[in-house]
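The structure under discussion appears below in the form of structure tokens.
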Amino acid sequence: AVPWIGAQFRAADDLTMVGLGGSTAGKELATIMRDVSSTPAGETRLSALLKTARPHLDAALVSLTTVADHYARLPDQGLLPPLADAVRSAKQVVGPLDPILRRSDSFLALERYFLATPRRILIVSQNNAELRPTGGFIGSYGLIEIGPDGLALKEYKDVYTLKDSPRRVPAPAGATMAGTYLQFRDANWWIDFPTSARTLLQFWQDLEQPAVDGVVAVDVVAMGELLNVFGPITVKEFDTTFTAENLLERLTYIVEVQMAPTGRARKGVLSLLANELSHRMMAMKPDDLLATSTALGKSANEKHVQLYFTDSDTQSAMKEGGWAGAIDPPDDTTDLLAVTNAMIRAAKANAGVRKTIDYQVRLATDGSADTTLTLGYYNDEAHLRGTWRAWFGNYLRVYRPVGTQQLTGPGEAAAAGLMTDEIGLPAVTRAFRVHRGDSREEVIRTSVPHALAPGRASVVPRSPLAAGTGTQPLMPASSVSHYRLLVVRQVDLENVPTRISVSLPAGWPVSGVSAWNRTTGEALLVSNHDGAIELSTPLNGDVIVDVETVRG
């Protein structure tokens with residue numbers, strides 16, 4: 001009886017702490033909203049708000065971390081009826097806030113990093129129409145200063161105003177964009193954002209630029225989300241009004257058609273647009289605060305905003321929150337797929353290219369897997385004005401688990417060896433073009449040696465099991481094996497339609513299957529027909545697929 005009584009008291013304590021923490025957080029957030037309403041209008045409004053709101057924001061986030069800790073421990077079963085009813089009621093109220101609660105530690109780390117001490121952050125703007133591994137070509141850059149005294153955009157410039165690096169860095173394999181040496185503008189060459197960010201910061205230092213505390217990549221999709229809040233914006237110098245809907249088309253026309261023949265700096269329009277957008281954000285109205293937070297949160301969840309900080313603790317918090325753009329397989333991952341496309345000729349042709357991913361896995365009793373990856377590309381001619389190069393020139397890298405071997409089918413030439421670059425994972429590499437109106441398939445067959453591992457996979461944060469919404473395993477761990485796949489998203493203009501199918505060895509029944517968006521925790525629909533498991537989803541973030549089977 002004593003353990004049973006103890007469980008009742010623990011649940012009551014957790015429920016009380018959820019209530020107290022939630023009440024405190026609500027009070028502090030209400031104070032912030034009151035301060036927003038009373039802060040004088042003008043371009044210093046956001047800075048003034050950050051300065052006065054900081055202690056209340058810190059207290060609210062501390063309370064939310066307390067709520068998160070105790071909410072995660074609330075049991076579902078074994079409670080006295082009145083207590084069980086109270087727990088169910090609490091979950092109905094708190095449940096919608098679960099995505100925020102699960103990342104409250106990351107929010108708290110960001111708040112303390114940015115608002116406790118003055119920081120200088122390098123911002124790089126990526127154009128997904130000219131696709132590169134972390135999102136797109138870096139056409140412009142800026143510096144943001146943020147700290148206890150507020151926030152300010154100090155400069156925003158065309159990337160070509162930077163000199164070439166005095167240090168000759170040989171271009172990596174496949175990086176033949178503009179010469180034999182890598183430059184700052186091309187240094188986002190690896191889909192793992194921390195790897196690219198460290199390279200960018202090294203170039204920044206070589207160019208004797210002001211010291212920075214980190215780098216944040218923002219693409220045109222994220223800028224469009226902000227224009228939904230603060231637009232439309234008219235840039236008089238170019239007689240153009242920018243909206244979220246026409247942003248990419250108008251930028252491409254101005255840069256590639258209107259300015260390219262003049263010989264002048266082509267991307268000055270970006271500086272004018274970014275500066276006006278920043279002015280509007282600095283002077284945001286109270287009603288804009290929630291909309292801005294929502295837009296930036298959505299962009300970060302989908303990798304349209306990626307963050308890297310030189311402070312290791314803060315960077316760890318970004319990885320925990322899912323905003324670091326890192327290839328970071330969770331424990332017990334047995335398979336990994338990261339498809340990265342990189343345009344190696346200057347053009348905006350990616351705006352007209354539609355892509356698909358189809359990944360088929362056949363698991364064997366010895367734990368290995370034969371896999372077939374089919375990548376589809378269709379250049380549908382829906383190009384923007386000013387896309388003067390009609391073809392999509394691509395350098396493809398497909399990162400796989402260590403030990404993966406490439407296979408060849410009957411009549412196919414022997415496969416080349418896999419390349420390992422700065423990311424540290426083997427990759428299948430290919431280079432090709434897709435001309436306007438054409439389609440192309442790239443089929444890659446591989447063998448993964450340890451795809452099916454004995455035992456049960458550990459519970460991953462934000463998974464259905466961690467959230468309490470997944471089906472609890474019934475079979476003993478000693479009788480099962482698991483397959484865990486991490487699919488890494490490359491940020492693009494569109495969410496690539498992705499299909500994953502997994503077949504188990506004959507006579508090995510499925511004992512559990514789930515899939516979810518790793519950053520948001522959104523559960524994805526998986527079908528299971530006699531051991532044939534299938535998932536179809538638009539890839540708007542990294543995805544984890546878990547399959548558990550009873551060994552035959």
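Just remember, in the structure tokens the first chain shown is A, the second B, etc., residues are 1-based per chain, and ligands are 1-based in the order shown.
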Taking only C-alpha atoms into account, produce a table as CSV in which each residue of range 282-305 of chain A with an atom at most 12 Å from an atom of range 494-500 of chain A appears once, together with its shortest atom pair and the distance in Å to one decimal, ordered by chain and rising number.
```
residue,atom,partner,partner_atom,distance
A:Glu302,CA,A:Asn495,CA,9.3
A:Lys303,CA,A:Asn495,CA,11.2
A:His304,CA,A:Glu494,CA,11.0
```
For the selection just defined, write its residues with C-alpha atoms to a file, as a PDB file, in the first residue's frame.
```pdb
ATOM      1  CA  GLU A 302      11.129  24.301 -40.516  1.00  0.00           C
ATOM      2  CA  LYS A 303      14.827  25.363 -40.751  1.00  0.00           C
ATOM      3  CA  HIS A 304      14.083  28.595 -42.605  1.00  0.00           C
TER       4      HIS A 304
END
```
- [ ] Using only C-alpha atoms, determine which residues lie at most 6 Å from Ser503 in chain A, disregarding the query and same-chain residues fewer than 6 positions distant; provide the list as a list in words.
- [x] Arg362, Gly531 and Ala532 of chain A
Report as a CSV table (one decimal) with N, CA and C atoms, in the first residue's frame all protein, DNA and RNA residues lying within 7 Å of Leu46 in chain A, evaluated on only C-alpha atoms, omitting residues in the same chain fewer than 4 positions from it.
```
chain,number,residue,atom,x,y,z
A,50,LEU,N,12.0,45.2,-24.6
A,50,LEU,CA,12.9,44.2,-24.2
A,50,LEU,C,13.6,44.5,-22.9
A,282,MET,N,11.2,47.0,-35.2
A,282,MET,CA,11.6,47.8,-34.0
A,282,MET,C,10.5,48.6,-33.4
A,283,ALA,N,9.6,49.0,-34.3
A,283,ALA,CA,8.4,49.8,-33.9
A,283,ALA,C,7.1,49.0,-33.8
A,284,MET,N,7.2,47.7,-33.7
A,284,MET,CA,6.0,46.9,-33.8
A,284,MET,C,5.0,47.3,-32.8
```
TODO: Find the residues around Asp206 in chain A up to 9 Å (only C-alpha atoms counted), leave out those fewer than 6 positions away in its own chain, and share them as a list in words.
DONE: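 Skipping anything fewer than 6 positions along the chain leaves Ser165, Pro166 and Arg167 of chain A.
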Task: Non-local contacts of Gly403 in chain A (7 Å; only C-alpha atoms; under 2 positions in same chain excluded) as a list in words - done: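 These residues fall inside the cut-off: Pro401, Gln405, Val448 and Pro449 of chain A.
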Taking the DSSP secondary structure from the backbone, can you list the residues of range 293-349 of chain A that are alpha helix (DSSP H), as a short mmCIF file (atom, residue, chain, number, x, y, z; two decimals) with N, CA, C and O atoms, in the first residue's frame?
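Output (part24.cif):
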```cif
data_model
loop_
_atom_site.label_atom_id
_atom_site.label_comp_id
_atom_site.auth_asym_id
_atom_site.auth_seq_id
_atom_site.Cartn_x
_atom_site.Cartn_y
_atom_site.Cartn_z
N SER A 293 6.28 36.38 -33.09
CA SER A 293 6.81 35.19 -32.42
C SER A 293 6.37 33.93 -33.15
O SER A 293 7.15 32.98 -33.32
N THR A 294 5.11 33.90 -33.58
CA THR A 294 4.59 32.73 -34.29
C THR A 294 5.32 32.54 -35.63
O THR A 294 5.69 31.42 -35.98
N ALA A 295 5.52 33.63 -36.36
CA ALA A 295 6.19 33.55 -37.66
C ALA A 295 7.63 33.07 -37.51
O ALA A 295 8.09 32.19 -38.26
N LEU A 296 8.35 33.62 -36.54
CA LEU A 296 9.75 33.21 -36.34
C LEU A 296 9.82 31.78 -35.82
O LEU A 296 10.72 31.02 -36.20
N GLY A 297 8.89 31.40 -34.93
CA GLY A 297 8.89 30.03 -34.42
C GLY A 297 8.64 29.02 -35.53
O GLY A 297 9.32 27.99 -35.61
N LYS A 298 7.67 29.30 -36.38
CA LYS A 298 7.38 28.40 -37.51
C LYS A 298 8.59 28.30 -38.44
O LYS A 298 8.97 27.21 -38.88
N SER A 299 9.23 29.43 -38.72
CA SER A 299 10.40 29.42 -39.60
C SER A 299 11.55 28.63 -38.98
O SER A 299 12.23 27.88 -39.68
N ALA A 300 11.76 28.77 -37.68
CA ALA A 300 12.84 28.02 -37.03
C ALA A 300 12.52 26.53 -37.00
O ALA A 300 13.42 25.69 -37.21
N ASN A 301 11.27 26.17 -36.76
CA ASN A 301 10.89 24.76 -36.74
C ASN A 301 11.13 24.09 -38.09
O ASN A 301 11.42 22.90 -38.16
N SER A 312 29.06 27.13 -26.07
CA SER A 312 28.68 25.72 -26.21
C SER A 312 27.37 25.39 -25.50
O SER A 312 26.57 24.59 -26.00
N ASP A 313 27.12 26.00 -24.33
CA ASP A 313 25.89 25.71 -23.62
C ASP A 313 24.67 26.20 -24.39
O ASP A 313 23.65 25.51 -24.48
N THR A 314 24.79 27.40 -24.95
CA THR A 314 23.67 27.94 -25.73
C THR A 314 23.45 27.12 -26.98
O THR A 314 22.32 26.84 -27.37
N GLN A 315 24.55 26.71 -27.62
CA GLN A 315 24.41 25.90 -28.83
C GLN A 315 23.76 24.55 -28.51
O GLN A 315 22.94 24.05 -29.28
N SER A 316 24.11 23.98 -27.37
CA SER A 316 23.46 22.72 -26.96
C SER A 316 21.96 22.92 -26.77
O SER A 316 21.16 22.05 -27.14
N ALA A 317 21.56 24.06 -26.22
CA ALA A 317 20.15 24.35 -26.04
C ALA A 317 19.45 24.49 -27.39
O ALA A 317 18.29 24.09 -27.55
N MET A 318 20.15 25.05 -28.40
CA MET A 318 19.56 25.18 -29.73
C MET A 318 19.36 23.80 -30.37
O MET A 318 18.36 23.55 -31.04
N LYS A 319 20.30 22.91 -30.15
CA LYS A 319 20.14 21.54 -30.65
C LYS A 319 18.97 20.85 -29.97
O LYS A 319 18.17 20.16 -30.63
N GLU A 320 18.84 21.05 -28.66
CA GLU A 320 17.71 20.45 -27.94
C GLU A 320 16.38 20.99 -28.46
O GLU A 320 15.39 20.27 -28.56
N GLY A 321 16.37 22.28 -28.80
CA GLY A 321 15.14 22.88 -29.31
C GLY A 321 14.84 22.53 -30.75
O GLY A 321 13.73 22.75 -31.22
#
```
Open item on the list: Using only C-alpha atoms for the distances, tell me which of A:Gly352, A:Gly22, A:Gly325, A:Gly147 is nearest to Phe193 in chain A.
Closed with: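 Looking at the shortest contact to Phe193 in chain A, the residue is A:Gly325.
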Task: Asp13 in chain A environment, 12 Å, only C-alpha atoms, sequence neighbours closer than 4 positions dropped, as number ranges by chain - done: A: 6-9, 17-21, 67, 69-71, 73-75, 83, 87
Open item on the list: I need the residue nearest Ala326 in chain A from this list: A:Tyr308, A:Phe114, A:Trp516, A:Phe230. Use only C-alpha atoms for the distance.
Closed with: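 Closest candidate: A:Tyr308.
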Task: Picked from range 217-325 of chain A by DSSP as strand (DSSP E), as a ChimeraX atom specification - done: /A:217-219,233-235,240-242,305-309
Open item on the list: Using Å and a single decimal, report how far CA of Leu524 in chain A sits from CA of Thr446 in chain A.
Closed with: 25.7 Å
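CA of Asn540 in chain A is found 26.2 Å from CA of Asp370 in chain A.
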Open item on the list: Let me make sure I understand: among A:Pro194, A:Gly393, A:Gly376, A:Pro81, which one has the smallest atom-to-atom distance to Ala347 in chain A if we use only C-alpha atoms?
Closed with: A:Gly393
